[in-house]
Every structure is written in structure tokens, then in C-alpha cells.
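Worksheet: the structure to be examined is printed underneath.
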Amino acid sequence: MNTLLQDIYEEVKPMLGTGKVADYIPALASVNPHQFGIAVCDTKGEITSIGDAKVPFSIQSISKVFNLVLAINYYGEEMWERVGCEPSGLPFNSLVQLEYENGIPRNPFINAGALVVSDMVQSRFASPYIAMRDFVRRLSCNKNIVVNKVVAESEYEHRAKNAAMAYLMKSYGNFENEVEDVLRNYFHNCALEMNCEDLARATSFLANSGMSSCANGKILSPLQTKQVNALLATSGMYDEAGSFAFKVGLPGKSGVGGGIVAVVPRRFSICVFSPALNSVGNSQLGVAALTSLSERINWSIY
Ligand code: GLU
């Protein structure tokens, strides 16, 4: 595994300098784009990593995966009445579809879906973002994971589009709590800072039928794990889900902080980090590294 990661790292590293860091908030716009790390975790929790795999970054939309898993634990099948499981085919923060479909978001990984899931979590916890922070700490065996408050506050100041989605869903009766409270918690989740090793560890249950290598126990049932992986495969990569399936062939979730997690069912969980993004908002080097990895050892699920 060491040699494999070394080869991929050397192959992809020359791309540093291409792509563009997210710039919708100052705290992300100032991130150094010349960073690149990879971590792979096997089902026993053994980590192999290279490059900037220990550098914490803003997990952003990757938090939607943990948010979803937390909600599934409390709501089970019932939650699929409030959020769908179809790819959206539209940008992650689109409002259009939401109106056509009566306030039921297409899937939990577009923003509207993640907001409904956050609303569900909000109904179950007095302090939802602390619950989430503790959940990722447990999943990654790292008690030092924290929320970057500057990022969370800045996201909140730029909340207009997310707020519009949440209020629209409220008008359709698909939102129980105060919109502003849910938004605050949602942005805290996006602003969690983790590194590649944390994230590879924290998603290892998705590669192991729901059993965590770290939290020492069952996080999801095998059926629920299959469902989450299917959603990741169809909707986890913004508008690039189709070509990511074509090139990489693994369930994956990206975030505008430059992280991508991917799952090789029954074998490995992977996290790649490099902050410069391609035109659809996925890490430029992240997609290249996962493509190379998939080509080299044919890990595609298809
Ligand atoms: N915090 C971002 C938002 O809700 C998420 C960005 C992402 O997709 O990673 O707009």
C-alpha cells in the first residue's frame, strides 16, 4: 500500500497549482492551495498515508454523511418520507426542483436534503452540533476534533440561499424547527476540521458493513450501510457523480474544503485532500488521485 500511495502521489502532485480554492467565504479563500494528502484505512483500522494527510481542513459537505448516519440511527426507514434517494441532476444548492417537488429534497447530499436531515437531528438533540462533533470524535478516535468558529460564523453570514431553501421547505411543512437554529448547527457541522487520517478512519464503517474499526461497534446495519453507499455512489459528488462513477467507480463524498472520501466496500475507506477545486467544486487532485488509484488496482465496484 505504501508504494502504491507513493506512486499515485508522485503522479498527481505535478497538478498542484491547477484548480481554484472555494472563495464564497474569506476563511476558505485564504487556504493554501499547495496541499495534497491521501490516507487509506483498512477494515481493521490500519492507516497508510502520504503527504498532507495530517493537516486539518474544513470538511464542509463531507459532514452530510455523518449527519445522515446520525439521523438514520434515530429515524430508520421513516426518514425517507422527508428526503428522497434520487440524484438531482442540478447544482447542490438549487431551489428550482424543491418547489416542483413540494419541498421534499431529492437526496440527503444536496443542501436542501442535508438541511432536512439537520432538522431531524435538531429534533432529537439539545445541542445538535455538539452531538455531531462527539460522533465524529468517536468515529475517528480523535478527541481533538473541533469546529472552526470563524468558518461557521462566516457561513452563517452568507446563509441567504440555504435559508431560502429551508424556509421554502418549512412552507411545505417539511421542517419542524426554527430555520435559523438549524442553519447555525448545519454550518457548525460544515466547519468541523478533520484531516485525511481522521476521515478515512471515521468512514471505515462504510467499508465494513456498518462496523467501525475505531468506535468499536456497530454504527449502521449492513442494509443501512448498503443504502448510504448507494446514495454516495449516485449523489455524493455534486454534478460529477456520473463521471466519477465512470472514472473511479466508488461511492464517494466531496466537500468544497477540498476533501473527498471514498469507499471500497469490504476493503478500505480513503480520504484525499487538496483544496483547489475543479469547475464543479470537487478537489482537482482528489479526483485525479482516486482515478489513478482505481485504474491501478481496479477497485471499482462496477
Ligand atoms: N457549507 C456549504 C454550504 O452549505 C457546503 C459546501 C459544500 O458543498 O461543501 O453552502
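Ordering of the C-alpha cells sets the chain letters (A, B, ...); residue numbers start at 1 within each chain; ligands are numbered from 1 in the order shown.
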
Could you name the residues that touch Tyr75 of chain A at 10 Å or less, counting only C-alpha atoms, but leaving out those on the same chain fewer than 6 positions away, as a PyMOL selection string? chain A and resi 69+120-121+124

Using only C-alpha atoms and all ligand atoms, which residues have at least one atom no more than 10 Å from ligand 1? Output them as a PDB file with N, CA and C atoms, in the first residue's frame.
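Here's the written file selection.pdb:
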```pdb
ATOM      1  N   ALA A  22     -12.184  27.275  -2.965  1.00  0.00           N
ATOM      2  CA  ALA A  22     -13.517  27.870  -2.772  1.00  0.00           C
ATOM      3  C   ALA A  22     -13.332  29.293  -2.256  1.00  0.00           C
ATOM      4  N   TYR A  24     -16.239  31.520  -1.621  1.00  0.00           N
ATOM      5  CA  TYR A  24     -17.503  32.162  -1.237  1.00  0.00           C
ATOM      6  C   TYR A  24     -17.461  32.721   0.184  1.00  0.00           C
ATOM      7  N   ILE A  25     -16.461  32.294   0.967  1.00  0.00           N
ATOM      8  CA  ILE A  25     -16.220  32.949   2.266  1.00  0.00           C
ATOM      9  C   ILE A  25     -14.710  33.172   2.420  1.00  0.00           C
ATOM     10  N   SER A  58     -11.355  22.040   6.465  1.00  0.00           N
ATOM     11  CA  SER A  58     -12.797  22.199   6.661  1.00  0.00           C
ATOM     12  C   SER A  58     -13.524  21.075   5.921  1.00  0.00           C
ATOM     13  N   ILE A  59     -14.276  20.243   6.659  1.00  0.00           N
ATOM     14  CA  ILE A  59     -14.835  19.056   5.982  1.00  0.00           C
ATOM     15  C   ILE A  59     -16.042  19.413   5.116  1.00  0.00           C
ATOM     16  N   GLN A  60     -16.666  20.567   5.376  1.00  0.00           N
ATOM     17  CA  GLN A  60     -17.791  21.047   4.565  1.00  0.00           C
ATOM     18  C   GLN A  60     -18.820  19.940   4.287  1.00  0.00           C
ATOM     19  N   SER A  61     -19.093  19.688   3.005  1.00  0.00           N
ATOM     20  CA  SER A  61     -20.206  18.778   2.698  1.00  0.00           C
ATOM     21  C   SER A  61     -19.959  17.320   3.085  1.00  0.00           C
ATOM     22  N   ILE A  62     -18.719  16.978   3.409  1.00  0.00           N
ATOM     23  CA  ILE A  62     -18.489  15.608   3.876  1.00  0.00           C
ATOM     24  C   ILE A  62     -19.269  15.380   5.176  1.00  0.00           C
ATOM     25  N   SER A  63     -19.534  16.481   5.904  1.00  0.00           N
ATOM     26  CA  SER A  63     -20.301  16.361   7.160  1.00  0.00           C
ATOM     27  C   SER A  63     -21.707  15.817   6.903  1.00  0.00           C
ATOM     28  N   LYS A  64     -22.194  15.968   5.653  1.00  0.00           N
ATOM     29  CA  LYS A  64     -23.549  15.482   5.343  1.00  0.00           C
ATOM     30  C   LYS A  64     -23.651  13.964   5.533  1.00  0.00           C
ATOM     31  N   PRO A  91     -27.475  21.726  -9.649  1.00  0.00           N
ATOM     32  CA  PRO A  91     -26.463  22.134  -8.668  1.00  0.00           C
ATOM     33  C   PRO A  91     -26.907  21.846  -7.228  1.00  0.00           C
ATOM     34  N   PHE A  92     -25.911  21.647  -6.358  1.00  0.00           N
ATOM     35  CA  PHE A  92     -26.181  21.192  -4.985  1.00  0.00           C
ATOM     36  C   PHE A  92     -27.049  22.160  -4.187  1.00  0.00           C
ATOM     37  N   ASN A  93     -27.086  23.438  -4.615  1.00  0.00           N
ATOM     38  CA  ASN A  93     -27.868  24.395  -3.826  1.00  0.00           C
ATOM     39  C   ASN A  93     -29.041  24.955  -4.638  1.00  0.00           C
ATOM     40  N   PHE A 109     -27.747  14.556   0.136  1.00  0.00           N
ATOM     41  CA  PHE A 109     -26.435  15.169  -0.092  1.00  0.00           C
ATOM     42  C   PHE A 109     -26.490  16.491  -0.847  1.00  0.00           C
ATOM     43  N   ILE A 110     -27.673  16.841  -1.403  1.00  0.00           N
ATOM     44  CA  ILE A 110     -27.810  18.224  -1.863  1.00  0.00           C
ATOM     45  C   ILE A 110     -28.125  19.055  -0.615  1.00  0.00           C
ATOM     46  N   ASN A 111     -27.916  20.359  -0.698  1.00  0.00           N
ATOM     47  CA  ASN A 111     -28.072  21.170   0.518  1.00  0.00           C
ATOM     48  C   ASN A 111     -29.460  21.076   1.130  1.00  0.00           C
ATOM     49  N   ALA A 112     -30.501  21.108   0.283  1.00  0.00           N
ATOM     50  CA  ALA A 112     -31.861  21.046   0.828  1.00  0.00           C
ATOM     51  C   ALA A 112     -32.039  19.753   1.634  1.00  0.00           C
ATOM     52  N   ALA A 114     -29.670  17.925   3.076  1.00  0.00           N
ATOM     53  CA  ALA A 114     -28.864  17.967   4.308  1.00  0.00           C
ATOM     54  C   ALA A 114     -29.539  18.854   5.356  1.00  0.00           C
ATOM     55  N   LEU A 115     -30.235  19.885   4.895  1.00  0.00           N
ATOM     56  CA  LEU A 115     -30.920  20.762   5.855  1.00  0.00           C
ATOM     57  C   LEU A 115     -32.105  20.045   6.504  1.00  0.00           C
ATOM     58  N   VAL A 151     -15.084  29.962  10.451  1.00  0.00           N
ATOM     59  CA  VAL A 151     -15.745  29.431   9.253  1.00  0.00           C
ATOM     60  C   VAL A 151     -17.252  29.336   9.485  1.00  0.00           C
ATOM     61  N   ALA A 152     -17.649  28.793  10.643  1.00  0.00           N
ATOM     62  CA  ALA A 152     -19.089  28.623  10.929  1.00  0.00           C
ATOM     63  C   ALA A 152     -19.813  29.971  10.885  1.00  0.00           C
ATOM     64  N   SER A 154     -18.859  32.771   9.391  1.00  0.00           N
ATOM     65  CA  SER A 154     -18.806  33.327   8.048  1.00  0.00           C
ATOM     66  C   SER A 154     -19.851  32.653   7.140  1.00  0.00           C
ATOM     67  N   GLU A 155     -19.995  31.348   7.275  1.00  0.00           N
ATOM     68  CA  GLU A 155     -21.021  30.620   6.505  1.00  0.00           C
ATOM     69  C   GLU A 155     -22.403  31.163   6.867  1.00  0.00           C
ATOM     70  N   TYR A 156     -22.598  31.398   8.167  1.00  0.00           N
ATOM     71  CA  TYR A 156     -23.907  31.885   8.617  1.00  0.00           C
ATOM     72  C   TYR A 156     -24.211  33.265   8.019  1.00  0.00           C
ATOM     73  N   HIS A 158     -23.299  34.266   5.230  1.00  0.00           N
ATOM     74  CA  HIS A 158     -23.598  34.092   3.800  1.00  0.00           C
ATOM     75  C   HIS A 158     -24.695  33.042   3.592  1.00  0.00           C
ATOM     76  N   ARG A 159     -25.663  33.013   4.497  1.00  0.00           N
ATOM     77  CA  ARG A 159     -26.620  31.910   4.518  1.00  0.00           C
ATOM     78  C   ARG A 159     -27.812  32.065   3.575  1.00  0.00           C
ATOM     79  N   ALA A 160     -27.926  33.184   2.839  1.00  0.00           N
ATOM     80  CA  ALA A 160     -29.178  33.518   2.148  1.00  0.00           C
ATOM     81  C   ALA A 160     -29.781  32.353   1.347  1.00  0.00           C
ATOM     82  N   LYS A 161     -28.964  31.711   0.543  1.00  0.00           N
ATOM     83  CA  LYS A 161     -29.510  30.648  -0.322  1.00  0.00           C
ATOM     84  C   LYS A 161     -29.972  29.439   0.497  1.00  0.00           C
ATOM     85  N   ASN A 162     -29.156  29.042   1.465  1.00  0.00           N
ATOM     86  CA  ASN A 162     -29.560  27.915   2.310  1.00  0.00           C
ATOM     87  C   ASN A 162     -30.807  28.271   3.113  1.00  0.00           C
ATOM     88  N   ALA A 163     -30.872  29.525   3.574  1.00  0.00           N
ATOM     89  CA  ALA A 163     -32.042  29.963   4.340  1.00  0.00           C
ATOM     90  C   ALA A 163     -33.284  29.910   3.449  1.00  0.00           C
ATOM     91  N   LEU A 183     -29.886  26.197  10.723  1.00  0.00           N
ATOM     92  CA  LEU A 183     -28.788  26.693   9.874  1.00  0.00           C
ATOM     93  C   LEU A 183     -27.498  26.808  10.677  1.00  0.00           C
ATOM     94  N   TYR A 186     -26.116  23.373  11.163  1.00  0.00           N
ATOM     95  CA  TYR A 186     -25.641  22.850   9.869  1.00  0.00           C
ATOM     96  C   TYR A 186     -24.267  23.450   9.527  1.00  0.00           C
ATOM     97  N   PHE A 187     -24.128  24.753   9.712  1.00  0.00           N
ATOM     98  CA  PHE A 187     -22.848  25.399   9.377  1.00  0.00           C
ATOM     99  C   PHE A 187     -21.736  24.982  10.349  1.00  0.00           C
ATOM    100  N   HIS A 188     -22.097  24.736  11.596  1.00  0.00           N
ATOM    101  CA  HIS A 188     -21.096  24.208  12.528  1.00  0.00           C
ATOM    102  C   HIS A 188     -20.596  22.846  12.040  1.00  0.00           C
ATOM    103  N   ASN A 189     -21.509  22.028  11.539  1.00  0.00           N
ATOM    104  CA  ASN A 189     -21.090  20.710  11.036  1.00  0.00           C
ATOM    105  C   ASN A 189     -20.135  20.867   9.848  1.00  0.00           C
ATOM    106  N   CYS A 190     -20.487  21.781   8.924  1.00  0.00           N
ATOM    107  CA  CYS A 190     -19.631  22.007   7.751  1.00  0.00           C
ATOM    108  C   CYS A 190     -18.246  22.505   8.180  1.00  0.00           C
ATOM    109  N   ALA A 191     -18.194  23.233   9.302  1.00  0.00           N
ATOM    110  CA  ALA A 191     -16.949  23.874   9.742  1.00  0.00           C
ATOM    111  C   ALA A 191     -16.088  22.980  10.643  1.00  0.00           C
ATOM    112  N   GLY A 236     -23.105  11.666  -4.393  1.00  0.00           N
ATOM    113  CA  GLY A 236     -22.121  12.217  -3.454  1.00  0.00           C
ATOM    114  C   GLY A 236     -21.139  13.224  -4.034  1.00  0.00           C
ATOM    115  N   MET A 237     -21.144  13.377  -5.364  1.00  0.00           N
ATOM    116  CA  MET A 237     -20.063  14.170  -5.980  1.00  0.00           C
ATOM    117  C   MET A 237     -20.592  15.350  -6.781  1.00  0.00           C
ATOM    118  N   TYR A 238     -21.576  16.061  -6.226  1.00  0.00           N
ATOM    119  CA  TYR A 238     -22.172  17.205  -6.935  1.00  0.00           C
ATOM    120  C   TYR A 238     -22.571  16.779  -8.352  1.00  0.00           C
ATOM    121  N   LYS A 253     -17.850  11.051  -1.341  1.00  0.00           N
ATOM    122  CA  LYS A 253     -18.459  12.341  -0.982  1.00  0.00           C
ATOM    123  C   LYS A 253     -17.373  13.396  -0.943  1.00  0.00           C
ATOM    124  N   SER A 254     -17.651  14.517  -1.574  1.00  0.00           N
ATOM    125  CA  SER A 254     -16.662  15.584  -1.559  1.00  0.00           C
ATOM    126  C   SER A 254     -17.184  16.788  -0.788  1.00  0.00           C
ATOM    127  N   GLY A 255     -16.290  17.702  -0.495  1.00  0.00           N
ATOM    128  CA  GLY A 255     -16.659  18.951   0.156  1.00  0.00           C
ATOM    129  C   GLY A 255     -15.861  20.079  -0.461  1.00  0.00           C
ATOM    130  N   VAL A 256     -16.372  21.303  -0.380  1.00  0.00           N
ATOM    131  CA  VAL A 256     -15.654  22.415  -1.014  1.00  0.00           C
ATOM    132  C   VAL A 256     -14.381  22.819  -0.260  1.00  0.00           C
ATOM    133  N   GLY A 257     -14.125  22.191   0.883  1.00  0.00           N
ATOM    134  CA  GLY A 257     -12.861  22.401   1.581  1.00  0.00           C
ATOM    135  C   GLY A 257     -11.723  21.644   0.892  1.00  0.00           C
ATOM    136  N   GLY A 258     -12.054  20.800  -0.106  1.00  0.00           N
ATOM    137  CA  GLY A 258     -11.029  20.082  -0.852  1.00  0.00           C
ATOM    138  C   GLY A 258     -10.847  18.627  -0.455  1.00  0.00           C
ATOM    139  N   GLY A 259     -11.722  18.139   0.402  1.00  0.00           N
ATOM    140  CA  GLY A 259     -11.642  16.725   0.803  1.00  0.00           C
ATOM    141  C   GLY A 259     -12.579  15.868  -0.033  1.00  0.00           C
ATOM    142  N   GLY A 281     -16.644  21.920  -8.355  1.00  0.00           N
ATOM    143  CA  GLY A 281     -16.473  22.044  -6.906  1.00  0.00           C
ATOM    144  C   GLY A 281     -15.871  20.833  -6.226  1.00  0.00           C
ATOM    145  N   ASN A 282     -15.331  19.902  -7.012  1.00  0.00           N
ATOM    146  CA  ASN A 282     -14.635  18.758  -6.413  1.00  0.00           C
ATOM    147  C   ASN A 282     -13.124  18.983  -6.468  1.00  0.00           C
TER     148      ASN A 282
END
```

Which is closest to Met211 of chain A among A:Thr18, A:Asn174, A:Gln284, A:Gln224, if we use only C-alpha atoms? A:Gln224

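The nearest approach to Gly84 of chain A among the residues A:Leu231, A:Tyr100, A:Thr225, A:Val179, with only C-alpha atoms taken into account, belongs to A:Leu231.
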
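If you measure from each of A:Ile219, A:Val261, A:Leu5, A:Leu293 to Asp198 of chain A using only C-alpha atoms, the closest one turns out to be A:Val261.
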
Do a neighbour search on Arg138 of chain A at 10 Å with only C-alpha atoms, toss out local chain neighbours closer than 6 positions, and write the hits as a list of chain:residue names. A:Met132, A:Ile145, A:Ala202, A:Ser212, A:Cys214, A:Ala215, A:Asn216

Those same residues, written as a PDB file, in the first residue's frame with N, CA and C atoms?
```pdb
ATOM      1  N   MET A 132     -22.914  16.023  17.044  1.00  0.00           N
ATOM      2  CA  MET A 132     -22.202  15.693  15.807  1.00  0.00           C
ATOM      3  C   MET A 132     -20.679  15.680  16.028  1.00  0.00           C
ATOM      4  N   ILE A 145     -10.837  16.851  17.662  1.00  0.00           N
ATOM      5  CA  ILE A 145     -11.541  17.459  16.524  1.00  0.00           C
ATOM      6  C   ILE A 145     -12.424  18.602  17.024  1.00  0.00           C
ATOM      7  N   ALA A 202     -12.887   7.577  10.195  1.00  0.00           N
ATOM      8  CA  ALA A 202     -14.285   7.848  10.560  1.00  0.00           C
ATOM      9  C   ALA A 202     -15.275   7.233   9.578  1.00  0.00           C
ATOM     10  N   SER A 212     -17.552  -0.110  12.864  1.00  0.00           N
ATOM     11  CA  SER A 212     -16.439   0.834  12.892  1.00  0.00           C
ATOM     12  C   SER A 212     -15.159   0.152  13.378  1.00  0.00           C
ATOM     13  N   CYS A 214     -12.893   1.823  14.720  1.00  0.00           N
ATOM     14  CA  CYS A 214     -12.385   2.656  15.781  1.00  0.00           C
ATOM     15  C   CYS A 214     -13.367   2.797  16.935  1.00  0.00           C
ATOM     16  N   ALA A 215     -14.609   3.153  16.623  1.00  0.00           N
ATOM     17  CA  ALA A 215     -15.598   3.350  17.685  1.00  0.00           C
ATOM     18  C   ALA A 215     -15.993   2.011  18.307  1.00  0.00           C
ATOM     19  N   ASN A 216     -15.396   0.936  17.816  1.00  0.00           N
ATOM     20  CA  ASN A 216     -15.579  -0.351  18.429  1.00  0.00           C
ATOM     21  C   ASN A 216     -17.027  -0.797  18.485  1.00  0.00           C
TER      22      ASN A 216
END
```

Spatial neighbours of Arg267 of chain A, 9 Å, only C-alpha atoms, chain gap at least 2 places, as a VMD selection string: chain A and resid 41 to 43 204 207 to 208 263 to 265 269

As a PyMOL selection string, list the residues of segment 15-145 of chain A assigned to strand (DSSP E) by DSSP on the backbone atoms of this structure. chain A and resi 37-42+47-51+57-58

Kindly export the residues of the current selection with all heavy atoms, as a short mmCIF file (atom, residue, chain, number, x, y, z; two decimals), in the first residue's frame.
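Final output, saved to result.cif:
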```cif
data_model
loop_
_atom_site.label_atom_id
_atom_site.label_comp_id
_atom_site.auth_asym_id
_atom_site.auth_seq_id
_atom_site.Cartn_x
_atom_site.Cartn_y
_atom_site.Cartn_z
N GLY A 37 -2.80 15.43 0.30
CA GLY A 37 -2.59 14.29 1.18
C GLY A 37 -3.56 13.17 0.88
O GLY A 37 -4.65 13.41 0.33
N ILE A 38 -3.16 11.96 1.20
CA ILE A 38 -4.03 10.79 0.99
C ILE A 38 -3.91 9.89 2.22
O ILE A 38 -2.81 9.69 2.74
CB ILE A 38 -3.59 9.93 -0.24
CG1 ILE A 38 -3.35 10.80 -1.48
CG2 ILE A 38 -4.60 8.83 -0.54
CD1 ILE A 38 -2.76 10.01 -2.67
N ALA A 39 -5.03 9.33 2.68
CA ALA A 39 -4.98 8.31 3.73
C ALA A 39 -5.93 7.18 3.35
O ALA A 39 -7.02 7.42 2.84
CB ALA A 39 -5.38 8.91 5.08
N VAL A 40 -5.47 5.96 3.62
CA VAL A 40 -6.30 4.78 3.36
C VAL A 40 -6.40 4.01 4.66
O VAL A 40 -5.41 3.82 5.37
CB VAL A 40 -5.64 3.88 2.27
CG1 VAL A 40 -6.42 2.60 2.08
CG2 VAL A 40 -5.56 4.63 0.94
N CYS A 41 -7.62 3.58 5.00
CA CYS A 41 -7.83 2.83 6.25
C CYS A 41 -8.42 1.47 5.90
O CYS A 41 -9.40 1.40 5.14
CB CYS A 41 -8.81 3.63 7.12
SG CYS A 41 -9.15 2.89 8.72
N ASP A 42 -7.84 0.39 6.41
CA ASP A 42 -8.44 -0.92 6.13
C ASP A 42 -9.51 -1.22 7.18
O ASP A 42 -9.74 -0.42 8.09
CB ASP A 42 -7.36 -2.02 6.00
CG ASP A 42 -6.68 -2.34 7.34
OD1 ASP A 42 -7.22 -1.95 8.41
OD2 ASP A 42 -5.61 -2.98 7.30
N ILE A 47 -3.95 2.40 9.19
CA ILE A 47 -3.89 3.53 8.27
C ILE A 47 -2.57 3.57 7.50
O ILE A 47 -1.51 3.35 8.09
CB ILE A 47 -3.99 4.86 9.07
CG1 ILE A 47 -5.35 5.00 9.73
CG2 ILE A 47 -3.64 6.07 8.21
CD1 ILE A 47 -6.36 5.79 8.96
N THR A 48 -2.65 3.85 6.20
CA THR A 48 -1.46 4.17 5.42
C THR A 48 -1.69 5.56 4.84
O THR A 48 -2.78 5.83 4.33
CB THR A 48 -1.27 3.18 4.24
OG1 THR A 48 -1.42 1.85 4.76
CG2 THR A 48 0.09 3.32 3.60
N SER A 49 -0.71 6.44 4.94
CA SER A 49 -0.96 7.80 4.44
C SER A 49 0.28 8.41 3.83
O SER A 49 1.41 7.92 4.04
CB SER A 49 -1.51 8.68 5.55
OG SER A 49 -0.52 8.91 6.52
N ILE A 50 0.06 9.51 3.12
CA ILE A 50 1.17 10.19 2.46
C ILE A 50 0.84 11.69 2.34
O ILE A 50 -0.34 12.07 2.30
CB ILE A 50 1.45 9.56 1.07
CG1 ILE A 50 2.77 10.08 0.49
CG2 ILE A 50 0.32 9.82 0.08
CD1 ILE A 50 3.35 9.20 -0.57
N GLY A 51 1.88 12.51 2.26
CA GLY A 51 1.68 13.95 2.04
C GLY A 51 1.02 14.62 3.23
O GLY A 51 1.30 14.28 4.39
N PHE A 57 -8.53 20.20 7.78
CA PHE A 57 -9.18 21.09 6.82
C PHE A 57 -10.68 21.10 7.09
O PHE A 57 -11.20 20.25 7.83
CB PHE A 57 -8.86 20.67 5.38
CG PHE A 57 -9.30 19.27 5.02
CD1 PHE A 57 -10.55 19.03 4.48
CD2 PHE A 57 -8.45 18.19 5.25
CE1 PHE A 57 -10.96 17.74 4.16
CE2 PHE A 57 -8.85 16.88 4.93
CZ PHE A 57 -10.10 16.67 4.38
N SER A 58 -11.36 22.04 6.47
CA SER A 58 -12.80 22.20 6.66
C SER A 58 -13.52 21.08 5.92
O SER A 58 -13.41 20.97 4.70
CB SER A 58 -13.19 23.57 6.09
OG SER A 58 -14.46 23.93 6.51
#
```

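Distance annotation: of A:Gln227, A:Phe135, A:Gly45, A:Glu176, the residue with the minimal separation from Ser213 of chain A is A:Gly45; atom set is only C-alpha atoms.
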
One-decimal distance in Å that lies between atom CA of Asn107 of chain A and atom CA of Asp239 of chain A: 13.3 Å

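Between atom CA of Gly217 of chain A and atom CA of Phe66 of chain A the interatomic distance comes to 15.8 Å.
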
Kindly indicate which residue among A:Lys226, A:Trp80, A:Glu10, A:Phe244 lies nearest to Leu290 of chain A, using only C-alpha atoms for the distances. A:Phe244

Taking the DSSP assignment computed from this structure's backbone, write out as a VMD selection string all residues of segment 20-170 of chain A that belong to alpha helix (DSSP H). chain A and resid 26 to 29 63 to 75 96 to 100 111 to 124 128 to 140 149 to 157 160 to 170

Correct to one decimal, the distance atom CA of Leu206 of chain A-atom CA of Lys13 of chain A is 27.8 Å

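Among the candidate residues A:Ser274, A:Ser279, A:Ser171, A:Gln122, the one lying nearest to Gly103 of chain A is A:Ser171, with distances computed using only C-alpha atoms.
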
Residues within 8 Å of Leu285 of chain A, only C-alpha atoms, excluding chain neighbours under 4 positions, as a PyMOL selection string: chain A and resi 12-13+15-16+36+273-274+276+289

With C-alpha atoms retained, export the selected residues as a PDB file, in the first residue's frame.
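Contents of part34.pdb, freshly written:
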```pdb
ATOM      1  CA  VAL A  12      -0.678  13.550  -9.350  1.00  0.00           C
ATOM      2  CA  LYS A  13       1.453  16.073  -7.450  1.00  0.00           C
ATOM      3  CA  MET A  15      -1.087  19.099 -10.919  1.00  0.00           C
ATOM      4  CA  LEU A  16      -0.675  21.318  -7.819  1.00  0.00           C
ATOM      5  CA  PHE A  36      -2.095  17.317  -1.043  1.00  0.00           C
ATOM      6  CA  PHE A 273      -7.321  16.269   0.403  1.00  0.00           C
ATOM      7  CA  SER A 274      -6.200  19.082  -1.870  1.00  0.00           C
ATOM      8  CA  ALA A 276      -8.036  23.603  -5.235  1.00  0.00           C
ATOM      9  CA  ALA A 289      -5.698  10.620  -7.297  1.00  0.00           C
TER      10      ALA A 289
END
```
